[in-house]
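Structure file start-v2.cif; described as mmCIF, C-alpha atoms.
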data_input
#
loop_
_atom_site.label_atom_id
_atom_site.label_comp_id
_atom_site.auth_asym_id
_atom_site.auth_seq_id
_atom_site.Cartn_x
_atom_site.Cartn_y
_atom_site.Cartn_z
CA MET B 141 -25.06 -5.81 6.71
CA ARG B 142 -21.92 -4.89 4.77
CA TRP B 143 -19.43 -2.44 6.24
CA PHE B 144 -16.24 -0.80 5.00
CA ILE B 145 -13.45 -0.86 7.60
CA ASP B 146 -10.81 1.88 7.56
CA LEU B 147 -7.64 0.67 9.27
CA ALA B 148 -3.88 1.17 9.41
CA TYR B 149 -1.05 -1.16 10.34
CA ARG B 150 2.70 -1.44 10.77
CA GLY B 151 3.88 -4.20 8.48
CA ALA B 152 6.99 -5.47 10.27
CA PRO B 153 5.26 -7.98 12.61
CA PHE B 154 3.14 -9.52 9.84
CA HIS B 155 3.68 -11.84 6.91
CA GLY B 156 1.70 -9.51 4.68
CA TRP B 157 -2.03 -8.85 4.53
CA GLN B 158 -3.39 -12.10 3.13
CA ILE B 159 -4.07 -15.19 5.23
CA GLN B 160 -1.36 -17.84 4.82
CA PRO B 161 -1.11 -21.21 6.59
CA GLY B 162 1.09 -21.06 9.66
CA GLU B 163 1.78 -17.31 9.37
CA ILE B 164 0.56 -14.26 11.28
CA THR B 165 -1.04 -11.82 8.83
CA VAL B 166 -3.11 -8.67 9.19
CA GLN B 167 -6.16 -10.37 7.69
CA SER B 168 -5.92 -13.38 10.01
CA VAL B 169 -5.62 -11.21 13.14
CA LEU B 170 -8.54 -9.01 12.08
CA GLU B 171 -10.78 -11.96 11.17
CA GLU B 172 -10.04 -13.74 14.44
CA ALA B 173 -10.93 -10.66 16.50
CA LEU B 174 -14.11 -9.91 14.54
CA SER B 175 -15.22 -13.54 14.73
CA ARG B 176 -14.88 -13.47 18.51
CA LEU B 177 -16.93 -10.28 18.76
CA ALA B 178 -19.58 -11.56 16.34
CA ARG B 179 -19.58 -15.03 17.90
CA ARG B 180 -19.49 -16.61 14.48
CA PRO B 181 -16.92 -16.89 11.63
CA VAL B 182 -16.38 -13.57 9.88
CA ALA B 183 -14.51 -13.12 6.59
CA VAL B 184 -12.71 -9.88 5.72
CA THR B 185 -11.80 -8.80 2.17
CA GLY B 186 -9.10 -6.16 1.77
CA ALA B 187 -8.54 -3.62 -0.99
CA GLY B 188 -5.13 -5.13 -1.71
CA ARG B 189 -2.56 -7.68 -0.66
CA THR B 190 0.41 -5.89 0.82
CA ASP B 191 3.56 -8.00 1.06
CA ALA B 192 5.41 -8.98 4.22
CA GLY B 193 6.76 -5.92 6.01
CA VAL B 194 4.79 -3.37 3.97
CA ASN B 195 2.88 -0.77 6.00
CA ALA B 196 -0.55 0.74 5.42
CA SER B 197 -1.55 4.17 6.69
CA MET B 198 -4.90 3.47 5.01
CA MET B 199 -6.31 0.05 4.16
CA ILE B 200 -9.97 -0.46 3.33
CA ALA B 201 -11.63 -3.83 3.84
CA HIS B 202 -15.24 -4.98 3.70
CA VAL B 203 -17.00 -7.30 6.10
CA ASP B 204 -20.53 -8.64 6.56
CA LEU B 205 -21.63 -8.42 10.19
CA PRO B 206 -24.74 -10.09 11.66
CA ASP B 207 -27.91 -8.01 11.90
CA GLY B 208 -28.09 -6.27 15.24
CA LEU B 209 -24.32 -6.05 15.68
CA GLU B 210 -23.58 -2.34 15.60
CA PRO B 211 -19.89 -1.36 15.36
CA ASP B 212 -20.23 1.60 17.71
CA SER B 213 -17.48 3.24 19.76
CA ARG B 214 -17.55 0.47 22.36
CA PHE B 215 -17.26 -2.19 19.67
CA LEU B 216 -14.37 -0.27 18.06
CA HIS B 217 -12.55 -0.01 21.40
CA SER B 218 -12.92 -3.75 22.03
CA LEU B 219 -11.70 -4.60 18.53
CA ASN B 220 -8.63 -2.38 18.82
CA SER B 221 -7.80 -3.96 22.17
CA MET B 222 -7.92 -7.42 20.58
CA VAL B 223 -5.88 -6.78 17.41
CA GLY B 224 -2.83 -5.42 19.26
CA ARG B 225 -0.78 -2.26 18.99
CA ASP B 226 0.40 -2.76 15.39
CA ILE B 227 -3.12 -2.50 13.90
CA ALA B 228 -5.38 0.53 14.32
CA VAL B 229 -9.01 0.25 13.23
CA ARG B 230 -10.37 3.77 12.73
CA SER B 231 -13.95 3.38 11.56
CA PHE B 232 -16.78 1.24 10.19
CA THR B 233 -19.03 2.70 7.47
CA PRO B 234 -22.20 1.01 6.14
CA VAL B 235 -22.15 0.44 2.38
CA HIS B 236 -24.46 -1.22 -0.15
CA ALA B 237 -24.68 -5.00 -0.17
CA ASP B 238 -22.57 -5.45 -3.31
CA ALA B 239 -19.79 -3.05 -2.33
CA HIS B 240 -16.35 -4.61 -2.83
CA ALA B 241 -13.24 -3.19 -1.18
CA ARG B 242 -10.90 -4.55 -3.85
CA PHE B 243 -12.76 -4.50 -7.15
CA ASP B 244 -14.57 -1.18 -6.66
CA ALA B 245 -11.42 0.84 -5.92
CA THR B 246 -10.60 3.26 -8.73
CA GLU B 247 -7.20 4.49 -7.56
CA ARG B 248 -4.48 3.54 -5.12
CA ARG B 249 -1.57 5.57 -3.79
CA TYR B 250 1.71 4.33 -2.30
CA HIS B 251 4.49 6.23 -0.57
CA TYR B 252 8.12 5.11 -0.35
CA TYR B 253 10.33 7.00 2.11
CA ALA B 254 14.04 7.77 1.85
CA ASN B 255 16.43 9.74 4.04
CA THR B 256 19.65 11.23 2.71
CA ARG B 257 20.55 12.29 6.26
CA LYS B 258 21.01 9.78 9.04
CA SER B 259 18.14 9.70 11.52
CA ALA B 260 18.04 7.96 14.87
CA PHE B 261 14.24 7.80 14.81
CA VAL B 262 12.70 7.09 11.38
CA TRP B 263 15.08 4.39 10.11
CA PRO B 264 12.68 1.48 10.88
CA LEU B 265 10.21 3.00 8.39
CA SER B 266 12.52 4.59 5.85
CA TRP B 267 15.35 3.72 3.45
CA GLN B 268 18.76 5.19 4.31
CA ALA B 269 19.65 6.57 0.88
CA PRO B 270 23.03 7.72 -0.49
CA PRO B 271 23.40 11.49 0.04
CA ALA B 272 24.24 12.18 -3.62
CA LEU B 273 21.08 10.78 -5.24
CA ASP B 274 19.91 12.86 -8.23
CA PHE B 275 16.21 13.36 -7.48
CA ASP B 276 15.69 15.59 -10.51
CA ALA B 277 16.87 12.78 -12.80
CA MET B 278 14.64 10.30 -10.99
CA ASN B 279 11.64 12.56 -11.51
CA ARG B 280 12.42 12.95 -15.21
CA ALA B 281 12.45 9.17 -15.41
CA GLY B 282 9.17 8.96 -13.50
CA VAL B 283 7.37 11.13 -16.06
CA LEU B 284 8.44 8.74 -18.83
CA MET B 285 6.75 5.86 -17.02
CA LEU B 286 3.26 7.36 -16.94
CA GLY B 287 0.36 5.96 -18.94
CA THR B 288 -1.58 2.77 -19.50
CA ARG B 289 0.80 0.00 -20.49
CA ASP B 290 2.20 -3.42 -19.63
CA PHE B 291 4.37 -3.20 -16.50
CA SER B 292 5.68 -6.78 -16.50
CA SER B 293 9.21 -5.42 -16.04
CA PHE B 294 8.20 -4.24 -12.58
CA ALA B 295 6.12 -7.23 -11.47
CA LYS B 296 7.01 -10.28 -9.45
CA THR B 297 7.11 -13.30 -11.76
CA HIS B 298 4.94 -16.43 -11.56
CA THR B 299 1.88 -14.77 -10.05
CA ASP B 300 -1.74 -15.53 -10.89
CA VAL B 301 -2.75 -12.13 -12.31
CA LYS B 302 -4.57 -12.15 -15.64
CA THR B 303 -3.05 -8.93 -16.96
CA HIS B 304 -0.02 -6.73 -16.34
CA ILE B 305 -1.71 -3.63 -17.75
CA CYS B 306 -1.88 -0.73 -15.30
CA ASP B 307 -2.70 2.97 -15.63
CA LEU B 308 0.24 4.65 -13.90
CA ARG B 309 -0.79 8.23 -13.08
CA ARG B 310 1.97 9.69 -10.93
CA VAL B 311 5.58 8.79 -10.12
CA GLU B 312 7.32 11.62 -8.29
CA TRP B 313 9.83 12.17 -5.51
CA GLU B 314 8.98 15.09 -3.22
CA GLU B 315 11.07 16.50 -0.38
CA VAL B 316 8.88 16.55 2.73
CA ALA B 317 11.63 17.87 5.04
CA PRO B 318 15.32 18.66 4.63
CA GLY B 319 16.99 15.41 3.62
CA ARG B 320 13.72 13.49 3.85
CA TRP B 321 12.08 12.35 0.61
CA ARG B 322 8.86 10.56 -0.34
CA LEU B 323 8.21 8.74 -3.60
CA VAL B 324 4.52 9.08 -4.53
CA VAL B 325 3.20 6.42 -6.90
CA VAL B 326 -0.45 6.49 -8.02
CA ALA B 327 -2.26 4.06 -10.32
CA ASP B 328 -5.60 2.39 -10.87
CA ARG B 329 -4.07 -0.92 -9.77
CA PHE B 330 -0.67 -2.35 -8.87
CA LEU B 331 1.11 -5.60 -9.57
CA ARG B 332 2.84 -7.55 -6.85
CA ASN B 333 6.14 -5.90 -5.87
CA MET B 334 5.58 -3.15 -8.47
CA VAL B 335 6.18 -0.07 -6.31
CA ARG B 336 9.34 -1.48 -4.75
CA ALA B 337 10.66 -2.37 -8.23
CA ILE B 338 9.87 1.15 -9.46
CA ALA B 339 11.69 2.62 -6.45
CA GLY B 340 14.71 0.40 -7.07
CA THR B 341 14.86 1.32 -10.75
CA LEU B 342 14.62 5.02 -9.98
CA ALA B 343 17.36 4.62 -7.37
CA ASP B 344 19.60 3.30 -10.16
CA VAL B 345 18.78 6.46 -12.14
CA GLY B 346 19.59 8.57 -9.09
CA ARG B 347 22.96 6.84 -8.72
CA GLY B 348 23.76 7.35 -12.41
CA LYS B 349 23.60 3.65 -13.28
CA LEU B 350 20.65 4.29 -15.59
CA ALA B 351 19.56 7.35 -17.58
CA PRO B 352 16.01 8.68 -17.45
CA ASP B 353 15.62 7.91 -21.15
CA ASP B 354 16.25 4.21 -20.41
CA LEU B 355 12.83 3.83 -18.79
CA PRO B 356 10.70 3.46 -21.95
CA GLU B 357 12.97 0.65 -23.17
CA ILE B 358 12.87 -1.09 -19.78
CA ILE B 359 9.06 -1.00 -19.86
CA ALA B 360 8.92 -2.18 -23.47
CA ARG B 361 11.06 -5.25 -22.73
CA ARG B 362 8.42 -6.67 -20.34
CA ASP B 363 11.20 -8.47 -18.51
CA ARG B 364 11.69 -8.25 -14.75
CA CYS B 365 15.45 -8.60 -15.23
CA ALA B 366 15.48 -5.34 -17.20
CA ALA B 367 14.43 -3.21 -14.23
CA GLY B 368 16.19 -2.47 -10.96
CA THR B 369 16.20 -4.42 -7.74
CA SER B 370 13.23 -4.54 -5.38
CA MET B 371 13.68 -2.08 -2.53
CA PRO B 372 13.20 -3.09 1.15
CA ALA B 373 9.59 -3.38 2.29
CA HIS B 374 9.87 -1.46 5.56
CA ALA B 375 9.87 1.98 3.86
CA LEU B 376 6.70 1.37 1.80
CA PHE B 377 3.21 2.53 2.78
CA LEU B 378 -0.14 1.93 1.16
CA SER B 379 -1.37 5.47 1.69
CA ARG B 380 -4.78 6.02 0.10
CA ILE B 381 -7.55 4.15 -1.73
CA THR B 382 -10.29 5.88 -3.72
CA TYR B 383 -13.86 4.74 -4.40
CA PRO B 384 -16.67 6.30 -6.46
CA TYR B 385 -19.23 5.99 -3.65
CA TYR B 386 -17.18 6.09 -0.44
CA THR B 387 -15.28 9.04 0.98
CA VAL B 388 -13.12 8.95 4.06
CA PRO B 389 -13.19 12.25 5.99
CA ASP B 390 -10.13 14.41 5.37
CA GLU B 391 -9.00 14.02 8.98
CA ALA B 392 -8.65 10.28 8.38
CA TYR B 393 -5.88 10.87 5.85
CA LEU B 394 -3.07 10.62 8.34
CA GLU B 395 0.58 11.15 7.60
CA ASP B 396 2.39 7.85 7.31
CA ILE B 397 5.06 8.65 9.89
#
Any chance you could give the structure as structure tokens?
Amino acid sequence: MRWFIDLAYRGAPFHGWQIQPGEITVQSVLEEALSRLARRPVAVTGAGRTDAGVNASMMIAHVDLPDGLEPDSRFLHSLNSMVGRDIAVRSFTPVHADAHARFDATERRYHYYANTRKSAFVWPLSWQAPPALDFDAMNRAGVLMLGTRDFSSFAKTHTDVKTHICDLRRVEWEEVAPGRWRLVVVADRFLRNMVRAIAGTLADVGRGKLAPDDLPEIIARRDRCAAGTSMPAHALFLSRITYPYYTVPDEAYLEDI
């Protein structure tokens, strides 16, 4: 039977989501624990492939479990004990046999956090930003990025994707507390390193190195060198994934930090 798994993880201890030889990844830890519980090899397919150090307050993955193996509360407790403190598995939901965590997703949301005030507590999961960043200018630039277009300028080069076309639906900084900001980026799909490149380019706008009106030209060039630097991974969260047939209860939408 096929199940959707709703989980969260802190990215720092892992070399990304996807299994890689000789590296500890979220997928490898989850598959090893599930295989032990199922007493047979179990493969897990995630909704995306977060890079090393990137966090997820919501990741969806699908898994096929043997008939008769019911992921009840006892099963969930055992699994969470096995995957360690940096992964939290919240729920298993039965779905139809052809459900696909990656290909069936219709929208994804990322958050990137920045502090313009020094904090002794949130720095491991947030970027310490210059205090004089112009967030209004960055948001004017974000509006000019929206739409369905080729985002090669914001994608890691030499990857195996077939297209760089994405439908970018929201790019906006919002102040969630005094001196604490969150960049919200929403699209149907994302390219590798795309959100961190967007954040870095907007940071250049905020510093006055770029103007908001420069963004259409940067996109049109389809050249990674035209955009800003890639921001550090530790402040990035995969925050929400949307499906046409699967709804996570509202209480499962947890704040990132």
>> Between B:Thr297, B:Thr382, B:Thr341, B:Thr387, which residue has the minimum interatomic distance to Ala281 of chain B, considering all atoms listed in the file?
In response: B:Thr341
> Pick the closest to Ser266 of chain B from B:Met198, B:Met334, B:Ile359, B:Leu323: which is it, counting all atoms listed in the file?
Replying inline: B:Leu323
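Against this structure, the PyMOL selection byres ((chain B and resi 227) around 8) ends up with Leu147, Ala148, Tyr149, Arg150, Val166, Asn220, Val223, Gly224, Arg225, Asp226, Ala228 and Val229 of chain B.
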>> Could you check the closest approach to Tyr253 of chain B for each of B:Ala152, B:Ala327, B:Trp267, B:Gly319 and tell me which residue wins, using all atoms listed in the file?
In response: B:Trp267
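Rounded to one decimal, atom CA of Ser168 of chain B and atom CA of Asn195 of chain B lie 15.9 Å from each other.
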> Which polymer residues, protein or nucleic acid, are no farther than 7 Å from (13.7, -1.8, -2.1), counting all atoms listed in the file, as a PyMOL selection string?
Replying inline: chain B and resi 336-337+339-340+369-373
> Quick one: which residues end up in the PyMOL selection byres ((chain B and resi 231) around 9) for this structure, as a PyMOL selection string?
Replying inline: chain B and resi 144-147+211-213+216+229-230+232-233
> When the PyMOL selection byres ((chain B and resi 254) around 10) is applied to the file above, which residues end up in the set, as an MDAnalysis selection string?
Replying inline: chainID B and resid 251:253 255:257 262:263 265:270 313 315 319:323 375:376
Write the residues of the selection above to a file with C-alpha atoms, as a short mmCIF file (atom, residue, chain, number, x, y, z; two decimals), keeping the file's coordinate frame.
data_model
loop_
_atom_site.label_atom_id
_atom_site.label_comp_id
_atom_site.auth_asym_id
_atom_site.auth_seq_id
_atom_site.Cartn_x
_atom_site.Cartn_y
_atom_site.Cartn_z
CA HIS B 251 4.49 6.23 -0.57
CA TYR B 252 8.12 5.11 -0.35
CA TYR B 253 10.33 7.00 2.11
CA ASN B 255 16.43 9.74 4.04
CA THR B 256 19.65 11.23 2.71
CA ARG B 257 20.55 12.29 6.26
CA VAL B 262 12.70 7.09 11.38
CA TRP B 263 15.08 4.39 10.11
CA LEU B 265 10.21 3.00 8.39
CA SER B 266 12.52 4.59 5.85
CA TRP B 267 15.35 3.72 3.45
CA GLN B 268 18.76 5.19 4.31
CA ALA B 269 19.65 6.57 0.88
CA PRO B 270 23.03 7.72 -0.49
CA TRP B 313 9.83 12.17 -5.51
CA GLU B 315 11.07 16.50 -0.38
CA GLY B 319 16.99 15.41 3.62
CA ARG B 320 13.72 13.49 3.85
CA TRP B 321 12.08 12.35 0.61
CA ARG B 322 8.86 10.56 -0.34
CA LEU B 323 8.21 8.74 -3.60
CA ALA B 375 9.87 1.98 3.86
CA LEU B 376 6.70 1.37 1.80
#
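Taking atom CA of Ile338 of chain B as the reference point, atom CA of Arg361 of chain B is found at 14.8 Å.
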> Which distance in Å separates atom CA of Asp204 of chain B and atom CA of Ala241 of chain B, to one decimal?
Replying inline: 11.9 Å
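With distances restricted to only C-alpha atoms, B:Arg364 is the closest residue to His298 of chain B from B:Arg180, B:Arg364, B:His240, B:Arg249.
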> Given the choices B:Ile200, B:Phe261, B:Pro356, B:Ala239, which gets closest to Phe291 of chain B if the distance is worked out from only C-alpha atoms?
Replying inline: B:Pro356
Go ahead and fit an axis-aligned box to every listed atom of segment 141-149 of chain B plus 3 Å each side, and pass me the centre and edge lengths in Å, one decimal, as lines of an AutoDock Vina configuration file.
center_x = -13.1
center_y = -2.0
center_z = 7.6
size_x = 30.0
size_y = 13.7
size_z = 11.6
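Proximity to Gln158 of chain B was assessed for B:Leu378, B:Val311, B:Ala187, B:Leu177 counting only C-alpha atoms; the smallest distance is recorded for B:Ala187.
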> Residues at most 8 Å from Met141 of chain B, counting all atoms listed in the file, excluding those fewer than 6 positions away in the same chain, as number ranges by chain?
Replying inline: B: 204-207, 234, 237
>> Just want the 8 Å neighbourhood of Glu163 of chain B, counted on all atoms listed in the file, with same-chain residues fewer than 4 positions away dropped. Output as a ChimeraX atom specification.
In response: /B:154-155,159
> Please, which residues are within 7 Å of (0.8, 5.3, -14.2) by the file's coordinates, counting all atoms listed in the file, and could they come as number ranges by chain?
Replying inline: B: 285-288, 306-310, 326-327
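Proximity to segment 344-353 of chain B at 9 Å, evaluated using all atoms listed in the file and with sequence-adjacent residues fewer than 4 positions away removed, yields B:Pro270, B:Ala272, B:Leu273, B:Asp274, B:Phe275, B:Asp276, B:Ala277, B:Met278, B:Asn279, B:Arg280, B:Ala281, B:Gly282, B:Leu284, B:Ala339, B:Gly340, B:Glu357, B:Gly368, B:Thr369.
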Could the residues in this selection be written to a file with C-alpha atoms, as a tab-separated table (two decimals), in the frame of the given file?
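Saved file part-v2.tsv follows:
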chain	number	residue	atom	x	y	z
B	270	PRO	CA	23.03	7.72	-0.49
B	272	ALA	CA	24.24	12.18	-3.62
B	273	LEU	CA	21.08	10.78	-5.24
B	274	ASP	CA	19.91	12.86	-8.23
B	275	PHE	CA	16.21	13.36	-7.48
B	276	ASP	CA	15.69	15.59	-10.51
B	277	ALA	CA	16.87	12.78	-12.80
B	278	MET	CA	14.64	10.30	-10.99
B	279	ASN	CA	11.64	12.56	-11.51
B	280	ARG	CA	12.42	12.95	-15.21
B	281	ALA	CA	12.45	9.17	-15.41
B	282	GLY	CA	9.17	8.96	-13.50
B	284	LEU	CA	8.44	8.74	-18.83
B	339	ALA	CA	11.69	2.62	-6.45
B	340	GLY	CA	14.71	0.40	-7.07
B	357	GLU	CA	12.97	0.65	-23.17
B	368	GLY	CA	16.19	-2.47	-10.96
B	369	THR	CA	16.20	-4.42	-7.74
Please return segment 273-284 of chain B, rebuilt to N, CA and C atoms, as an mmCIF file, keeping the file's coordinate frame.
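Result went into selection.cif, see below:
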data_model
loop_
_atom_site.group_PDB
_atom_site.id
_atom_site.type_symbol
_atom_site.label_atom_id
_atom_site.label_comp_id
_atom_site.auth_asym_id
_atom_site.auth_seq_id
_atom_site.Cartn_x
_atom_site.Cartn_y
_atom_site.Cartn_z
ATOM 1 N N LEU B 273 22.095 11.179 -4.270
ATOM 2 C CA LEU B 273 21.080 10.780 -5.240
ATOM 3 C C LEU B 273 20.585 11.995 -6.029
ATOM 4 N N ASP B 274 20.398 11.802 -7.344
ATOM 5 C CA ASP B 274 19.910 12.860 -8.230
ATOM 6 C C ASP B 274 18.388 12.738 -8.335
ATOM 7 N N PHE B 275 17.669 13.468 -7.489
ATOM 8 C CA PHE B 275 16.210 13.360 -7.480
ATOM 9 C C PHE B 275 15.579 13.990 -8.707
ATOM 10 N N ASP B 276 16.215 15.001 -9.274
ATOM 11 C CA ASP B 276 15.690 15.590 -10.510
ATOM 12 C C ASP B 276 15.707 14.556 -11.639
ATOM 13 N N ALA B 277 16.789 13.815 -11.765
ATOM 14 C CA ALA B 277 16.870 12.780 -12.800
ATOM 15 C C ALA B 277 15.829 11.697 -12.561
ATOM 16 N N MET B 278 15.629 11.320 -11.297
ATOM 17 C CA MET B 278 14.640 10.300 -10.990
ATOM 18 C C MET B 278 13.237 10.772 -11.361
ATOM 19 N N ASN B 279 12.956 12.055 -11.156
ATOM 20 C CA ASN B 279 11.640 12.560 -11.510
ATOM 21 C C ASN B 279 11.457 12.688 -13.022
ATOM 22 N N ARG B 280 12.522 12.959 -13.750
ATOM 23 C CA ARG B 280 12.420 12.950 -15.210
ATOM 24 C C ARG B 280 12.112 11.536 -15.701
ATOM 25 N N ALA B 281 12.722 10.565 -15.056
ATOM 26 C CA ALA B 281 12.450 9.170 -15.410
ATOM 27 C C ALA B 281 11.011 8.795 -15.067
ATOM 28 N N GLY B 282 10.527 9.282 -13.926
ATOM 29 C CA GLY B 282 9.170 8.960 -13.500
ATOM 30 C C GLY B 282 8.126 9.428 -14.496
ATOM 31 N N VAL B 283 8.315 10.606 -15.073
ATOM 32 C CA VAL B 283 7.370 11.130 -16.060
ATOM 33 C C VAL B 283 7.285 10.208 -17.273
ATOM 34 N N LEU B 284 8.404 9.617 -17.651
ATOM 35 C CA LEU B 284 8.440 8.740 -18.830
ATOM 36 C C LEU B 284 7.768 7.392 -18.575
#
